[in-house]
Amino acid sequence: NRLNSDCLTEGTISPVVTTNTDECGGTITVAWNETTACGRVFSQQQTITVLPPEPPVWTSLPTSENLSCSEAENFAAPTLDFTNGGTGICLIEGTVEPTYTIQKDACGGQITATWNYQDACGTVLFHEVTYPVDPAPEPVWTTTIPDQLTLTCEEFANRPIPELTYDNFAKGICQDSGSVAGQLLQVPDACGGEAIIQWEYTTSCGAVLRQTQTIEVLPPPEIEWINAVPSQTITCEEANQYQIPDLSYDNGGSGNCRLTGSAPRVRSGTYDVR
């Protein structure tokens, strides 16, 4: 009280601190109370407001990129780190694993990766990236055949139509491989001609793989007489009783390439008695 002698009143008062804070801030109340010998009360109070720590932010963010069908099979987006740059109890940091929404098949689609985090103070961090997924590669023929071919009638008749194999050289659900039987679209006749064979495969994504082969089929061998008779001189009596035979022919082929049969006799010419 700045007086002297017996009238002087002085001293030190210890504060009473009341803390009402957590990691998100709060208040600290400091109170000083004292009562003198004469009954006078001294009271002082201070309220300290503690601000919440700075909210965290992502340290880096991935961007979208196209994925091949094979890459998408085992795709994993990166983890994301966050921090508020604080120290001690004011530091907020960590790592978030992504969750996925997958909408894809062999024909493509997309993978959506989502990162979510909420701290104790209610700050929400959110990031989402959609990764487009390309369709699986289209298959190609792995069996090689000539586009055009010339065969004899016998070779064509005894030649099975081969299967053609295809592959896109991918793995898992992206793989597309197999074989296709050929279809005979045009058939030559007994005199030869053109045969057309087609192989066709449609992928599950609608792509069409097609191969066509044209075969020139040669005519079958020429026919020959089997029992040809030579010209001859006979007597008048023999001529009266002569039986003209039918002549048989054959080309030596087989199956559809064989030409065989007989030709009926046709008599011409006359003779008389002199």
# chains A, B, ... in the order shown; residues from 1 in each chain; ligands from 1

call {"tool": "select_by_dssp", "arguments": {"residues": "range 163-231 of chain A", "states": "strand (DSSP E or B)", "output": "PyMOL selection string"}}
result
chain A and resi 163-167+177-181+183-186+189+192-202+208-217+224-225

call {"tool": "closest_atom_pairs", "arguments": {"of": "range 113-220 of chain A", "to": "range 22-26 of chain A", "cutoff": "12 Å", "atoms": "only C-alpha atoms", "output": "tab-separated table"}}
result
residue	atom	partner	partner_atom	distance
A:Asp119	CA	A:Cys24	CA	9.6
A:Ala120	CA	A:Cys24	CA	7.3
A:Cys121	CA	A:Cys24	CA	5.5
A:Gly122	CA	A:Cys24	CA	9.2
A:Thr123	CA	A:Cys24	CA	10.4

call {"tool": "write_last_selection", "arguments": {"atoms": "all heavy atoms", "output": "PDB file, in the first residue's frame"}}
result
ATOM      1  N   ASP A 119      -8.730 -35.124 -38.139  1.00  0.00           N
ATOM      2  CA  ASP A 119      -7.999 -35.073 -36.873  1.00  0.00           C
ATOM      3  C   ASP A 119      -8.958 -34.860 -35.706  1.00  0.00           C
ATOM      4  O   ASP A 119     -10.175 -34.723 -35.881  1.00  0.00           O
ATOM      5  CB  ASP A 119      -6.906 -33.995 -36.924  1.00  0.00           C
ATOM      6  CG  ASP A 119      -7.473 -32.574 -37.009  1.00  0.00           C
ATOM      7  OD1 ASP A 119      -8.672 -32.380 -36.757  1.00  0.00           O
ATOM      8  OD2 ASP A 119      -6.686 -31.648 -37.327  1.00  0.00           O
ATOM      9  N   ALA A 120      -8.386 -34.826 -34.497  1.00  0.00           N
ATOM     10  CA  ALA A 120      -9.204 -34.730 -33.288  1.00  0.00           C
ATOM     11  C   ALA A 120      -9.945 -33.401 -33.195  1.00  0.00           C
ATOM     12  O   ALA A 120     -10.929 -33.283 -32.458  1.00  0.00           O
ATOM     13  CB  ALA A 120      -8.325 -34.921 -32.050  1.00  0.00           C
ATOM     14  N   CYS A 121      -9.488 -32.413 -33.958  1.00  0.00           N
ATOM     15  CA  CYS A 121     -10.124 -31.102 -33.897  1.00  0.00           C
ATOM     16  C   CYS A 121     -11.160 -30.915 -35.001  1.00  0.00           C
ATOM     17  O   CYS A 121     -11.703 -29.823 -35.178  1.00  0.00           O
ATOM     18  CB  CYS A 121      -9.062 -30.013 -33.997  1.00  0.00           C
ATOM     19  SG  CYS A 121      -7.772 -30.151 -32.742  1.00  0.00           S
ATOM     20  N   GLY A 122     -11.395 -31.984 -35.773  1.00  0.00           N
ATOM     21  CA  GLY A 122     -12.433 -31.918 -36.794  1.00  0.00           C
ATOM     22  C   GLY A 122     -11.951 -31.498 -38.169  1.00  0.00           C
ATOM     23  O   GLY A 122     -12.756 -31.394 -39.102  1.00  0.00           O
ATOM     24  N   THR A 123     -10.650 -31.245 -38.323  1.00  0.00           N
ATOM     25  CA  THR A 123     -10.133 -30.898 -39.648  1.00  0.00           C
ATOM     26  C   THR A 123     -10.178 -32.139 -40.545  1.00  0.00           C
ATOM     27  O   THR A 123      -9.705 -33.215 -40.149  1.00  0.00           O
ATOM     28  CB  THR A 123      -8.688 -30.384 -39.556  1.00  0.00           C
ATOM     29  OG1 THR A 123      -8.671 -29.210 -38.732  1.00  0.00           O
ATOM     30  CG2 THR A 123      -8.148 -30.050 -40.931  1.00  0.00           C
TER      31      THR A 123
END

call {"tool": "closest_residue", "arguments": {"among": "A:Ile244, A:Thr202, A:Gly252, A:Gln44", "to": "Ser268 in chain A", "atoms": "only C-alpha atoms"}}
result
A:Ile244

call {"tool": "select_by_dssp", "arguments": {"residues": "range 1-167 of chain A", "states": "helix (DSSP H, G or I)", "output": "MDAnalysis selection string"}}
result
chainID A and resid 5:7 69:73 88:90 153:157

call {"tool": "write_last_selection", "arguments": {"atoms": "N, CA, C and O atoms", "output": "tab-separated table (two decimals), in the first residue's frame"}}
result
chain	number	residue	atom	x	y	z
A	5	SER	N	6.18	2.06	7.99
A	5	SER	CA	6.10	1.56	9.36
A	5	SER	C	4.93	0.59	9.52
A	5	SER	O	4.72	-0.26	8.67
A	6	ASP	N	4.16	0.78	10.65
A	6	ASP	CA	3.11	-0.20	10.93
A	6	ASP	C	1.96	-0.15	9.93
A	6	ASP	O	1.10	-1.04	9.89
A	7	CYS	N	1.92	0.89	9.13
A	7	CYS	CA	0.82	1.00	8.15
A	7	CYS	C	1.13	0.30	6.84
A	7	CYS	O	0.27	0.24	5.92
A	69	CYS	N	-4.29	-52.45	-69.04
A	69	CYS	CA	-5.09	-53.50	-68.39
A	69	CYS	C	-4.22	-54.32	-67.44
A	69	CYS	O	-4.63	-54.62	-66.32
A	70	SER	N	-2.99	-54.64	-67.85
A	70	SER	CA	-2.09	-55.44	-66.99
A	70	SER	C	-1.63	-54.64	-65.77
A	70	SER	O	-1.55	-55.18	-64.66
A	71	GLU	N	-1.34	-53.35	-65.96
A	71	GLU	CA	-0.91	-52.52	-64.82
A	71	GLU	C	-2.01	-52.41	-63.78
A	71	GLU	O	-1.75	-52.38	-62.58
A	72	ALA	N	-3.26	-52.36	-64.25
A	72	ALA	CA	-4.38	-52.21	-63.32
A	72	ALA	C	-4.61	-53.45	-62.47
A	72	ALA	O	-5.23	-53.37	-61.41
A	73	GLU	N	-4.10	-54.62	-62.92
A	73	GLU	CA	-4.31	-55.86	-62.18
A	73	GLU	C	-3.78	-55.77	-60.76
A	73	GLU	O	-4.41	-56.21	-59.81
A	88	GLY	N	6.45	-30.72	-30.84
A	88	GLY	CA	5.97	-31.22	-29.56
A	88	GLY	C	4.53	-31.71	-29.64
A	88	GLY	O	4.12	-32.36	-30.59
A	89	ILE	N	3.73	-31.29	-28.59
A	89	ILE	CA	2.34	-31.74	-28.55
A	89	ILE	C	1.49	-31.03	-29.59
A	89	ILE	O	0.35	-31.40	-29.83
A	90	CYS	N	2.04	-30.03	-30.22
A	90	CYS	CA	1.29	-29.29	-31.24
A	90	CYS	C	1.46	-29.90	-32.63
A	90	CYS	O	0.86	-29.43	-33.60
A	153	CYS	N	-6.67	-81.20	-107.09
A	153	CYS	CA	-7.97	-81.65	-106.59
A	153	CYS	C	-7.79	-82.62	-105.42
A	153	CYS	O	-8.49	-82.52	-104.41
A	154	GLU	N	-6.83	-83.56	-105.56
A	154	GLU	CA	-6.59	-84.55	-104.51
A	154	GLU	C	-6.08	-83.89	-103.23
A	154	GLU	O	-6.50	-84.22	-102.13
A	155	GLU	N	-5.17	-82.93	-103.39
A	155	GLU	CA	-4.62	-82.25	-102.21
A	155	GLU	C	-5.70	-81.50	-101.45
A	155	GLU	O	-5.75	-81.54	-100.22
A	156	PHE	N	-6.59	-80.86	-102.20
A	156	PHE	CA	-7.66	-80.11	-101.54
A	156	PHE	C	-8.64	-81.04	-100.84
A	156	PHE	O	-9.09	-80.78	-99.72
A	157	ALA	N	-8.96	-82.17	-101.53
A	157	ALA	CA	-9.94	-83.11	-100.97
A	157	ALA	C	-9.44	-83.74	-99.68
A	157	ALA	O	-10.23	-84.05	-98.78

call {"tool": "closest_residue", "arguments": {"among": "A:Cys107, A:Val57, A:Leu67, A:Ala76", "to": "Ile92 in chain A", "atoms": "only C-alpha atoms"}}
result
A:Val57

call {"tool": "atom_distance", "arguments": {"atom1": "CA of Tyr166 in chain A", "atom2": "CA of Val187 in chain A"}}
result
25.7 Å

call {"tool": "atom_distance", "arguments": {"atom1": "CA of Gln118 in chain A", "atom2": "CA of Gly85 in chain A"}}
result
16.6 Å

call {"tool": "atom_distance", "arguments": {"atom1": "CA of Ile161 in chain A", "atom2": "CA of Ala190 in chain A"}}
result
19.2 Å

call {"tool": "decode", "arguments": {"residues": "range 98-113 of chain A", "atoms": "all heavy atoms", "output": "PDB file, in the first residue's frame"}}
result
ATOM      1  N   PRO A  98      -4.785 -45.422 -49.132  1.00  0.00           N
ATOM      2  CA  PRO A  98      -5.965 -45.173 -49.968  1.00  0.00           C
ATOM      3  C   PRO A  98      -6.970 -46.315 -49.889  1.00  0.00           C
ATOM      4  O   PRO A  98      -6.620 -47.452 -49.568  1.00  0.00           O
ATOM      5  CB  PRO A  98      -5.372 -45.078 -51.386  1.00  0.00           C
ATOM      6  CG  PRO A  98      -4.173 -45.976 -51.325  1.00  0.00           C
ATOM      7  CD  PRO A  98      -3.620 -45.825 -49.935  1.00  0.00           C
ATOM      8  N   THR A  99      -8.221 -45.982 -50.140  1.00  0.00           N
ATOM      9  CA  THR A  99      -9.246 -46.994 -50.380  1.00  0.00           C
ATOM     10  C   THR A  99      -9.631 -46.908 -51.861  1.00  0.00           C
ATOM     11  O   THR A  99      -9.418 -45.886 -52.512  1.00  0.00           O
ATOM     12  CB  THR A  99     -10.483 -46.769 -49.502  1.00  0.00           C
ATOM     13  OG1 THR A  99     -11.024 -45.467 -49.773  1.00  0.00           O
ATOM     14  CG2 THR A  99     -10.131 -46.877 -48.023  1.00  0.00           C
ATOM     15  N   TYR A 100     -10.204 -48.003 -52.384  1.00  0.00           N
ATOM     16  CA  TYR A 100     -10.404 -48.079 -53.833  1.00  0.00           C
ATOM     17  C   TYR A 100     -11.859 -48.377 -54.186  1.00  0.00           C
ATOM     18  O   TYR A 100     -12.538 -49.149 -53.495  1.00  0.00           O
ATOM     19  CB  TYR A 100      -9.530 -49.189 -54.431  1.00  0.00           C
ATOM     20  CG  TYR A 100      -8.050 -48.987 -54.221  1.00  0.00           C
ATOM     21  CD1 TYR A 100      -7.389 -49.628 -53.173  1.00  0.00           C
ATOM     22  CD2 TYR A 100      -7.315 -48.154 -55.049  1.00  0.00           C
ATOM     23  CE1 TYR A 100      -6.033 -49.448 -52.965  1.00  0.00           C
ATOM     24  CE2 TYR A 100      -5.951 -47.964 -54.846  1.00  0.00           C
ATOM     25  CZ  TYR A 100      -5.313 -48.614 -53.811  1.00  0.00           C
ATOM     26  OH  TYR A 100      -3.978 -48.433 -53.606  1.00  0.00           O
ATOM     27  N   THR A 101     -12.282 -47.772 -55.272  1.00  0.00           N
ATOM     28  CA  THR A 101     -13.517 -48.151 -55.946  1.00  0.00           C
ATOM     29  C   THR A 101     -13.113 -48.612 -57.342  1.00  0.00           C
ATOM     30  O   THR A 101     -12.583 -47.823 -58.127  1.00  0.00           O
ATOM     31  CB  THR A 101     -14.498 -46.969 -56.044  1.00  0.00           C
ATOM     32  OG1 THR A 101     -14.791 -46.499 -54.722  1.00  0.00           O
ATOM     33  CG2 THR A 101     -15.791 -47.387 -56.732  1.00  0.00           C
ATOM     34  N   ILE A 102     -13.338 -49.894 -57.634  1.00  0.00           N
ATOM     35  CA  ILE A 102     -12.846 -50.489 -58.882  1.00  0.00           C
ATOM     36  C   ILE A 102     -14.028 -50.791 -59.796  1.00  0.00           C
ATOM     37  O   ILE A 102     -14.959 -51.514 -59.423  1.00  0.00           O
ATOM     38  CB  ILE A 102     -12.044 -51.772 -58.598  1.00  0.00           C
ATOM     39  CG1 ILE A 102     -10.835 -51.440 -57.711  1.00  0.00           C
ATOM     40  CG2 ILE A 102     -11.604 -52.438 -59.892  1.00  0.00           C
ATOM     41  CD1 ILE A 102     -10.044 -52.643 -57.267  1.00  0.00           C
ATOM     42  N   GLN A 103     -13.978 -50.218 -60.978  1.00  0.00           N
ATOM     43  CA  GLN A 103     -14.998 -50.445 -62.006  1.00  0.00           C
ATOM     44  C   GLN A 103     -14.281 -50.724 -63.321  1.00  0.00           C
ATOM     45  O   GLN A 103     -14.052 -49.820 -64.121  1.00  0.00           O
ATOM     46  CB  GLN A 103     -15.914 -49.218 -62.142  1.00  0.00           C
ATOM     47  CG  GLN A 103     -16.678 -48.874 -60.874  1.00  0.00           C
ATOM     48  CD  GLN A 103     -17.353 -47.511 -60.963  1.00  0.00           C
ATOM     49  OE1 GLN A 103     -16.727 -46.513 -61.277  1.00  0.00           O
ATOM     50  NE2 GLN A 103     -18.649 -47.481 -60.696  1.00  0.00           N
ATOM     51  N   LYS A 104     -13.905 -51.969 -63.526  1.00  0.00           N
ATOM     52  CA  LYS A 104     -13.143 -52.311 -64.720  1.00  0.00           C
ATOM     53  C   LYS A 104     -13.319 -53.779 -65.055  1.00  0.00           C
ATOM     54  O   LYS A 104     -13.724 -54.589 -64.212  1.00  0.00           O
ATOM     55  CB  LYS A 104     -11.649 -52.012 -64.536  1.00  0.00           C
ATOM     56  CG  LYS A 104     -10.951 -52.941 -63.550  1.00  0.00           C
ATOM     57  CD  LYS A 104      -9.482 -52.633 -63.438  1.00  0.00           C
ATOM     58  CE  LYS A 104      -8.780 -53.619 -62.499  1.00  0.00           C
ATOM     59  NZ  LYS A 104      -8.731 -54.990 -63.049  1.00  0.00           N
ATOM     60  N   ASP A 105     -13.034 -54.109 -66.303  1.00  0.00           N
ATOM     61  CA  ASP A 105     -12.931 -55.486 -66.772  1.00  0.00           C
ATOM     62  C   ASP A 105     -11.915 -55.493 -67.899  1.00  0.00           C
ATOM     63  O   ASP A 105     -11.148 -54.536 -68.060  1.00  0.00           O
ATOM     64  CB  ASP A 105     -14.297 -56.040 -67.205  1.00  0.00           C
ATOM     65  CG  ASP A 105     -14.961 -55.181 -68.271  1.00  0.00           C
ATOM     66  OD1 ASP A 105     -14.253 -54.405 -68.955  1.00  0.00           O
ATOM     67  OD2 ASP A 105     -16.191 -55.280 -68.438  1.00  0.00           O
ATOM     68  N   ALA A 106     -11.897 -56.564 -68.708  1.00  0.00           N
ATOM     69  CA  ALA A 106     -10.910 -56.660 -69.785  1.00  0.00           C
ATOM     70  C   ALA A 106     -11.089 -55.572 -70.835  1.00  0.00           C
ATOM     71  O   ALA A 106     -10.181 -55.307 -71.628  1.00  0.00           O
ATOM     72  CB  ALA A 106     -10.975 -58.039 -70.431  1.00  0.00           C
ATOM     73  N   CYS A 107     -12.252 -54.939 -70.846  1.00  0.00           N
ATOM     74  CA  CYS A 107     -12.525 -53.894 -71.847  1.00  0.00           C
ATOM     75  C   CYS A 107     -12.198 -52.499 -71.329  1.00  0.00           C
ATOM     76  O   CYS A 107     -12.512 -51.507 -71.995  1.00  0.00           O
ATOM     77  CB  CYS A 107     -13.981 -53.973 -72.286  1.00  0.00           C
ATOM     78  SG  CYS A 107     -14.435 -55.575 -72.996  1.00  0.00           S
ATOM     79  N   GLY A 108     -11.596 -52.414 -70.162  1.00  0.00           N
ATOM     80  CA  GLY A 108     -11.224 -51.109 -69.615  1.00  0.00           C
ATOM     81  C   GLY A 108     -12.131 -50.693 -68.474  1.00  0.00           C
ATOM     82  O   GLY A 108     -12.911 -51.491 -67.939  1.00  0.00           O
ATOM     83  N   GLY A 109     -12.032 -49.428 -68.093  1.00  0.00           N
ATOM     84  CA  GLY A 109     -12.846 -48.901 -66.986  1.00  0.00           C
ATOM     85  C   GLY A 109     -12.049 -47.875 -66.207  1.00  0.00           C
ATOM     86  O   GLY A 109     -11.285 -47.089 -66.781  1.00  0.00           O
ATOM     87  N   GLN A 110     -12.167 -47.939 -64.880  1.00  0.00           N
ATOM     88  CA  GLN A 110     -11.436 -46.978 -64.058  1.00  0.00           C
ATOM     89  C   GLN A 110     -11.267 -47.508 -62.640  1.00  0.00           C
ATOM     90  O   GLN A 110     -12.033 -48.361 -62.183  1.00  0.00           O
ATOM     91  CB  GLN A 110     -12.154 -45.625 -64.029  1.00  0.00           C
ATOM     92  CG  GLN A 110     -13.526 -45.655 -63.381  1.00  0.00           C
ATOM     93  CD  GLN A 110     -14.219 -44.306 -63.420  1.00  0.00           C
ATOM     94  OE1 GLN A 110     -14.036 -43.517 -64.339  1.00  0.00           O
ATOM     95  NE2 GLN A 110     -15.027 -44.019 -62.417  1.00  0.00           N
ATOM     96  N   ILE A 111     -10.236 -46.992 -61.975  1.00  0.00           N
ATOM     97  CA  ILE A 111      -9.993 -47.248 -60.551  1.00  0.00           C
ATOM     98  C   ILE A 111      -9.960 -45.890 -59.862  1.00  0.00           C
ATOM     99  O   ILE A 111      -9.214 -44.998 -60.279  1.00  0.00           O
ATOM    100  CB  ILE A 111      -8.670 -47.988 -60.324  1.00  0.00           C
ATOM    101  CG1 ILE A 111      -8.691 -49.364 -60.989  1.00  0.00           C
ATOM    102  CG2 ILE A 111      -8.375 -48.134 -58.832  1.00  0.00           C
ATOM    103  CD1 ILE A 111      -7.356 -50.094 -60.924  1.00  0.00           C
ATOM    104  N   THR A 112     -10.767 -45.722 -58.827  1.00  0.00           N
ATOM    105  CA  THR A 112     -10.786 -44.477 -58.075  1.00  0.00           C
ATOM    106  C   THR A 112     -10.143 -44.716 -56.709  1.00  0.00           C
ATOM    107  O   THR A 112     -10.570 -45.606 -55.961  1.00  0.00           O
ATOM    108  CB  THR A 112     -12.221 -43.956 -57.893  1.00  0.00           C
ATOM    109  OG1 THR A 112     -12.806 -43.745 -59.182  1.00  0.00           O
ATOM    110  CG2 THR A 112     -12.231 -42.644 -57.135  1.00  0.00           C
ATOM    111  N   ALA A 113      -9.101 -43.949 -56.424  1.00  0.00           N
ATOM    112  CA  ALA A 113      -8.415 -44.033 -55.126  1.00  0.00           C
ATOM    113  C   ALA A 113      -8.820 -42.823 -54.282  1.00  0.00           C
ATOM    114  O   ALA A 113      -8.848 -41.690 -54.774  1.00  0.00           O
ATOM    115  CB  ALA A 113      -6.908 -44.056 -55.325  1.00  0.00           C
TER     116      ALA A 113
END
